[in-house]
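Enquirer: This is the content of structure_31.cif (mmCIF, C-alpha atoms):
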```cif
data_coords
loop_
_atom_site.label_atom_id
_atom_site.label_comp_id
_atom_site.auth_asym_id
_atom_site.auth_seq_id
_atom_site.Cartn_x
_atom_site.Cartn_y
_atom_site.Cartn_z
CA MET A 685 6.27 12.49 -10.08
CA PRO A 686 8.75 11.35 -7.41
CA ILE A 687 10.18 7.86 -7.61
CA ILE A 688 9.95 5.75 -4.46
CA VAL A 689 12.82 3.28 -4.02
CA HIS A 690 12.44 0.35 -1.60
CA GLU A 691 16.07 -0.60 -1.02
CA PHE A 692 17.27 -3.70 0.81
CA ASP A 693 20.95 -4.46 1.42
CA TRP A 694 21.54 -7.87 3.00
CA PRO A 695 17.82 -8.48 3.75
CA ASP A 696 16.74 -10.99 6.39
CA ARG A 697 14.48 -12.72 3.86
CA VAL A 698 13.84 -12.62 0.11
CA VAL A 699 11.40 -15.12 -1.45
CA ILE A 700 8.95 -15.74 -4.24
CA GLY A 701 5.58 -16.97 -3.00
CA THR A 702 2.01 -17.25 -4.21
CA VAL A 703 -1.50 -16.47 -3.10
CA GLY A 704 -4.39 -18.50 -4.51
CA VAL A 705 -4.88 -21.96 -5.95
CA PRO A 706 -3.02 -23.40 -8.95
CA GLY A 707 -4.54 -21.96 -12.10
CA SER A 708 -5.35 -18.64 -10.45
CA ARG A 709 -2.28 -17.93 -8.33
CA THR A 710 -0.72 -14.51 -7.99
CA PHE A 711 3.06 -14.50 -7.65
CA TYR A 712 4.85 -12.17 -5.24
CA LEU A 713 8.44 -11.23 -4.56
CA GLN A 714 8.62 -10.50 -0.83
CA VAL A 715 11.59 -8.93 0.94
CA ARG A 716 11.98 -8.35 4.69
CA SER A 717 14.58 -6.55 6.73
CA GLY A 718 13.66 -6.39 10.40
CA ALA A 719 9.99 -5.36 10.59
CA HIS A 720 10.05 -3.71 7.13
CA ILE A 721 8.33 -5.92 4.52
CA VAL A 722 7.71 -5.16 0.84
CA SER A 723 5.68 -7.46 -1.40
CA ILE A 724 5.42 -6.86 -5.15
CA ALA A 725 3.29 -8.76 -7.64
CA LEU A 726 4.87 -10.31 -10.71
CA GLU A 727 3.97 -12.80 -13.41
CA LYS A 728 4.76 -16.50 -13.21
CA GLN A 729 6.98 -16.13 -16.28
CA GLN A 730 8.90 -13.27 -14.66
CA SER A 731 9.49 -15.45 -11.59
CA ALA A 732 10.72 -18.39 -13.69
CA LEU A 733 12.99 -16.20 -15.81
CA LEU A 734 14.46 -14.50 -12.73
CA ALA A 735 15.39 -17.88 -11.22
CA GLU A 736 16.85 -19.06 -14.54
CA LYS A 737 18.98 -15.93 -14.97
CA ILE A 738 20.22 -16.07 -11.36
CA ASP A 739 21.30 -19.69 -11.93
CA GLU A 740 23.10 -18.70 -15.15
CA MET A 741 24.86 -15.79 -13.43
CA LEU A 742 26.00 -17.93 -10.50
CA GLU A 743 27.23 -20.68 -12.87
CA GLN A 744 29.35 -18.12 -14.73
CA LEU A 745 30.73 -16.76 -11.46
CA MET A 746 31.46 -20.28 -10.18
CA THR A 747 33.48 -21.15 -13.27
CA HIS A 748 35.39 -17.85 -13.20
CA ASP A 749 39.11 -18.39 -12.55
CA GLY A 750 39.30 -20.09 -9.16
CA ASN A 751 35.73 -19.15 -8.10
CA PRO A 752 36.90 -15.89 -6.43
CA PHE A 753 33.39 -15.08 -5.21
CA SER A 754 33.01 -18.39 -3.30
CA VAL A 755 29.86 -19.50 -5.10
CA PRO A 756 28.90 -22.80 -3.44
CA THR A 757 28.43 -25.83 -5.71
CA ALA A 758 25.19 -26.70 -3.88
CA THR A 759 22.56 -24.58 -2.19
CA PRO A 760 23.46 -24.17 1.50
CA ILE A 761 20.77 -26.06 3.43
CA GLU A 762 20.66 -23.42 6.18
CA LEU A 763 19.56 -20.82 3.60
CA VAL A 764 16.62 -22.85 2.24
CA ASP A 765 13.35 -21.06 3.07
CA ASN A 766 10.11 -22.97 2.50
CA ASP A 767 7.92 -20.85 4.77
CA PRO A 768 4.82 -19.07 3.40
CA LEU A 769 4.73 -15.36 2.63
CA GLU A 770 4.79 -13.21 5.75
CA GLN A 771 1.77 -11.42 7.13
CA PRO A 772 0.46 -8.75 7.20
CA PHE A 773 0.38 -8.99 3.45
CA GLY A 774 -0.11 -6.12 1.03
CA GLU A 775 0.90 -5.61 -2.59
CA GLN A 776 3.21 -2.61 -2.91
CA PHE A 777 3.08 -2.56 -6.71
CA ARG A 778 2.82 -4.73 -9.84
CA THR A 779 6.14 -5.35 -11.56
CA GLY A 780 6.67 -4.13 -15.10
CA THR A 781 10.32 -4.68 -15.89
CA MET A 782 13.15 -6.23 -13.92
CA THR A 783 16.92 -6.15 -14.12
CA LEU A 784 19.50 -8.50 -12.69
CA GLY A 785 23.08 -7.52 -11.99
CA TRP A 786 26.24 -8.31 -10.11
CA ASP A 787 28.03 -6.02 -7.67
CA PRO A 788 31.66 -7.21 -7.54
CA ARG A 789 32.51 -4.81 -4.67
CA SER A 790 30.16 -6.58 -2.27
CA ALA A 791 29.94 -9.93 -4.13
CA GLN A 792 26.15 -9.63 -4.26
CA VAL A 793 23.43 -10.34 -6.80
CA VAL A 794 21.37 -7.22 -7.47
CA ILE A 795 17.66 -7.49 -8.35
CA GLU A 796 15.72 -4.42 -9.47
CA ALA A 797 11.97 -4.43 -10.10
CA PHE A 798 10.19 -1.44 -11.56
CA SER A 799 6.49 -0.74 -11.16
CA LEU A 800 4.14 -0.95 -14.11
CA THR A 801 2.02 2.16 -14.38
CA ASP A 802 -0.39 3.72 -16.82
CA SER A 803 1.05 7.12 -17.56
CA GLY A 804 -1.92 8.27 -19.62
CA VAL A 805 0.30 8.68 -22.69
CA THR A 806 -1.72 8.83 -25.87
CA ASP A 807 -0.74 7.67 -29.32
CA GLU A 808 -1.51 9.48 -32.58
CA ASP A 809 -5.17 8.36 -32.46
CA ASP A 810 -5.59 9.70 -28.89
CA VAL A 811 -5.85 6.18 -27.44
CA ASP A 812 -4.40 5.68 -23.97
CA THR A 813 -1.44 3.30 -23.96
CA ALA A 814 0.30 1.63 -21.04
CA SER A 815 3.78 2.87 -20.28
CA LEU A 816 6.65 1.40 -18.32
CA GLU A 817 7.22 4.71 -16.56
CA SER A 818 8.15 3.57 -13.09
CA THR A 819 6.99 5.40 -9.98
CA GLU A 820 8.27 2.74 -7.56
CA THR A 821 11.33 0.54 -7.59
CA LEU A 822 12.46 -2.40 -5.48
CA LEU A 823 16.24 -2.74 -5.20
CA VAL A 824 17.56 -5.86 -3.45
CA ARG A 825 21.19 -6.93 -2.93
CA ILE A 826 21.75 -10.53 -1.78
CA PRO A 827 24.84 -12.72 -1.31
CA VAL A 828 25.43 -15.69 -3.62
CA GLY A 829 24.23 -18.41 -1.21
CA THR A 830 20.98 -16.54 -0.61
CA ALA A 831 20.62 -16.08 -4.37
CA GLN A 832 21.02 -19.84 -4.89
CA ALA A 833 18.37 -20.60 -2.26
CA PHE A 834 16.07 -17.94 -3.75
CA ALA A 835 16.38 -19.43 -7.26
CA MET A 836 15.82 -22.97 -5.96
CA ARG A 837 12.64 -22.00 -4.07
CA THR A 838 11.40 -19.99 -7.04
CA ARG A 839 11.78 -22.97 -9.40
CA GLU A 840 9.83 -25.12 -6.91
CA ILE A 841 7.04 -22.52 -6.55
CA VAL A 842 6.71 -22.09 -10.32
CA GLY A 843 6.67 -25.88 -10.81
CA ALA A 844 3.98 -26.41 -8.16
CA GLY A 845 1.20 -25.23 -10.45
CA ARG A 846 -1.40 -27.27 -12.29
CA PRO A 847 -0.33 -30.66 -13.63
CA ILE A 848 0.39 -30.85 -17.38
CA CYS A 849 -1.69 -33.08 -19.66
CA ALA A 850 0.45 -35.84 -21.19
CA LEU A 851 -1.55 -35.72 -24.44
CA CYS A 852 -1.75 -32.03 -25.32
CA GLY A 853 0.81 -30.43 -23.01
CA MET A 854 -1.68 -27.91 -21.60
CA PRO A 855 -2.34 -27.37 -17.87
CA ILE A 856 -5.17 -29.45 -16.38
CA ASP A 857 -7.74 -27.34 -14.54
CA ALA A 858 -9.26 -28.48 -11.25
CA ASN A 859 -12.68 -28.50 -12.96
CA GLY A 860 -11.55 -30.94 -15.65
CA HIS A 861 -9.76 -30.81 -18.95
CA VAL A 862 -10.62 -31.32 -22.60
CA CYS A 863 -7.66 -31.89 -24.90
CA SER A 864 -7.36 -29.92 -28.10
CA LEU A 865 -5.60 -32.42 -30.35
CA PRO A 866 -4.02 -31.15 -33.57
CA ASP A 867 -6.07 -31.42 -36.76
CA ASP A 868 -5.26 -34.30 -39.12
CA ARG A 869 -4.73 -32.50 -42.40
#
```
Would you write out, as structure tokens, the structure that this file holds?
Expert:
Amino acid sequence: MPIIVHEFDWPDRVVIGTVGVPGSRTFYLQVRSGAHIVSIALEKQQSALLAEKIDEMLEQLMTHDGNPFSVPTATPIELVDNDPLEQPFGEQFRTGTMTLGWDPRSAQVVIEAFSLTDSGVTDEDDVDTASLESTETLLVRIPVGTAQAFAMRTREIVGAGRPICALCGMPIDANGHVCSLPDDR
């Protein structure tokens, strides 16, 4: 099966956004270069971890001898993107695994997302199991300032979900909430 690679070098836009209401949102990584737009679905936890790892990578690069990659200490305001996902909207694939890297030749953060597919592989009991065999890949290279703005927006999007109950620490649904307090044993 051929592998389709959606590759973006220096895209015009790269953002995490959501569709739906808190509690039932679907997260998307959307990349645009000119009129070409690719949107891939991912989990909230994947989004949060991607932002966290980008921040860690940029912090390491910033503290590298003399900051040779010119990582700004603050997110450049002109790179902040708070606009909604672009339309027309269509999910290219659902993300299985992701990798994050650094390209020192171009001083860019490299994000790779691989599609999650069911390959029909069977185990010893002839039960179908899901496989991470990727048929599509998204490959995005972005400069450090864009990566900072991307991580900042992603943290805001992830944090904009349902409020957390002060008593039990669980999300509060729009339809109400009943706390599950720990047993007194």
Enquirer: My list of candidates is A:Ile795, A:Val828, A:Leu769, A:Ala719. Which is closest to Leu745 (chain A) when distances are computed with all atoms listed in the file?
Expert: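 Of the candidates, the smallest distance to Leu745 (chain A) is held by A:Val828.
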Enquirer: Which is closest to Gly704 (chain A) among A:Ser754, A:Gly845, A:Ile761, A:Gln744, if we use all atoms listed in the file?
Expert: A:Gly845
Enquirer: Residues at most 6 Å from Thr821 (chain A), counting only C-alpha atoms, excluding those fewer than 4 positions away in the same chain, as a list in words?
Expert: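 Non-adjacent residues within range: Val689, Ala797 and Phe798 of chain A.
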Enquirer: As a check of understanding, name the residues that the PyMOL selection byres ((chain A and resi 715) around 9) selects in the supplied structure, as a ChimeraX atom specification.
Expert: /A:692,695-700,713-714,716-717,720-724,824
Enquirer: Tell me, in Å to one decimal, how far CA of Gln730 (chain A) is from CA of Gly701 (chain A).
Expert: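 According to the coordinates, CA of Gln730 (chain A) and CA of Gly701 (chain A) are separated by 12.7 Å.
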Enquirer: Between CA of Ile738 (chain A) and CA of Phe834 (chain A), what distance in Å does the model show, to one decimal?
Expert: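 Separation between CA of Ile738 (chain A) and CA of Phe834 (chain A): 8.9 Å.
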Enquirer: What's the separation between CA of Gly780 (chain A) and CA of Trp694 (chain A), in Å to one decimal place?
Expert: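 Separation of CA of Gly780 (chain A) and CA of Trp694 (chain A): 23.7 Å.
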Enquirer: Which of these, A:Cys849, A:Ala858, A:Val793, A:Val842, has the shortest distance to Thr830 (chain A) once you count all atoms listed in the file?
Expert: A:Val793
Enquirer: Name the residues that the PyMOL selection byres ((chain A and resi 760) around 12) picks from the file above, as a list in words, using the file's chain letters and numbers.
Expert: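 After applying the PyMOL selection byres ((chain A and resi 760) around 12), what remains is Val755, Pro756, Thr757, Ala758, Thr759, Ile761, Glu762, Leu763, Val764, Asp765, Pro827, Val828, Gly829, Thr830, Ala831, Gln832, Ala833, Phe834 and Met836 of chain A.
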Enquirer: Those residues you just picked out, can you put them in a file as a short mmCIF file (atom, residue, chain, number, x, y, z; two decimals), in the frame of the given file with C-alpha atoms?
Expert:
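So the final result, stored in result.cif, reads:
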```cif
data_model
loop_
_atom_site.label_atom_id
_atom_site.label_comp_id
_atom_site.auth_asym_id
_atom_site.auth_seq_id
_atom_site.Cartn_x
_atom_site.Cartn_y
_atom_site.Cartn_z
CA VAL A 755 29.86 -19.50 -5.10
CA PRO A 756 28.90 -22.80 -3.44
CA THR A 757 28.43 -25.83 -5.71
CA ALA A 758 25.19 -26.70 -3.88
CA THR A 759 22.56 -24.58 -2.19
CA ILE A 761 20.77 -26.06 3.43
CA GLU A 762 20.66 -23.42 6.18
CA LEU A 763 19.56 -20.82 3.60
CA VAL A 764 16.62 -22.85 2.24
CA ASP A 765 13.35 -21.06 3.07
CA PRO A 827 24.84 -12.72 -1.31
CA VAL A 828 25.43 -15.69 -3.62
CA GLY A 829 24.23 -18.41 -1.21
CA THR A 830 20.98 -16.54 -0.61
CA ALA A 831 20.62 -16.08 -4.37
CA GLN A 832 21.02 -19.84 -4.89
CA ALA A 833 18.37 -20.60 -2.26
CA PHE A 834 16.07 -17.94 -3.75
CA MET A 836 15.82 -22.97 -5.96
#
```
Enquirer: Give me the residues near Gln792 (chain A) as a list in words, where near means some atom within 7 Å (using all atoms listed in the file) and where sequence neighbours in that chain fewer than 3 positions away do not count.
Expert: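 Answer for this query is Trp786, Asp787, Pro788, Arg825, Ile826, Pro827 and Val828 of chain A.
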Enquirer: Taking the file as I've supplied it (selection: the PyMOL selection byres ((chain A and resi 775) around 7)), which residues are included? Please answer as number ranges by chain.
Expert: A: 723-725, 773-774, 776-777
Enquirer: Name the closest residue to Thr702 (chain A) among the candidates A:Thr779, A:Thr838, A:Thr747, A:Ser790; distances are taken between atoms, counting all atoms listed in the file.
Expert: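 So, comparing all the options, the nearest one is A:Thr838.
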Enquirer: Which residue out of A:Ser731, A:Glu820, A:Asn859, A:Gly853 has the minimum interatomic distance to Glu691 (chain A) when all atoms listed in the file are used?
Expert: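 Looking at the shortest contact to Glu691 (chain A), the residue is A:Glu820.
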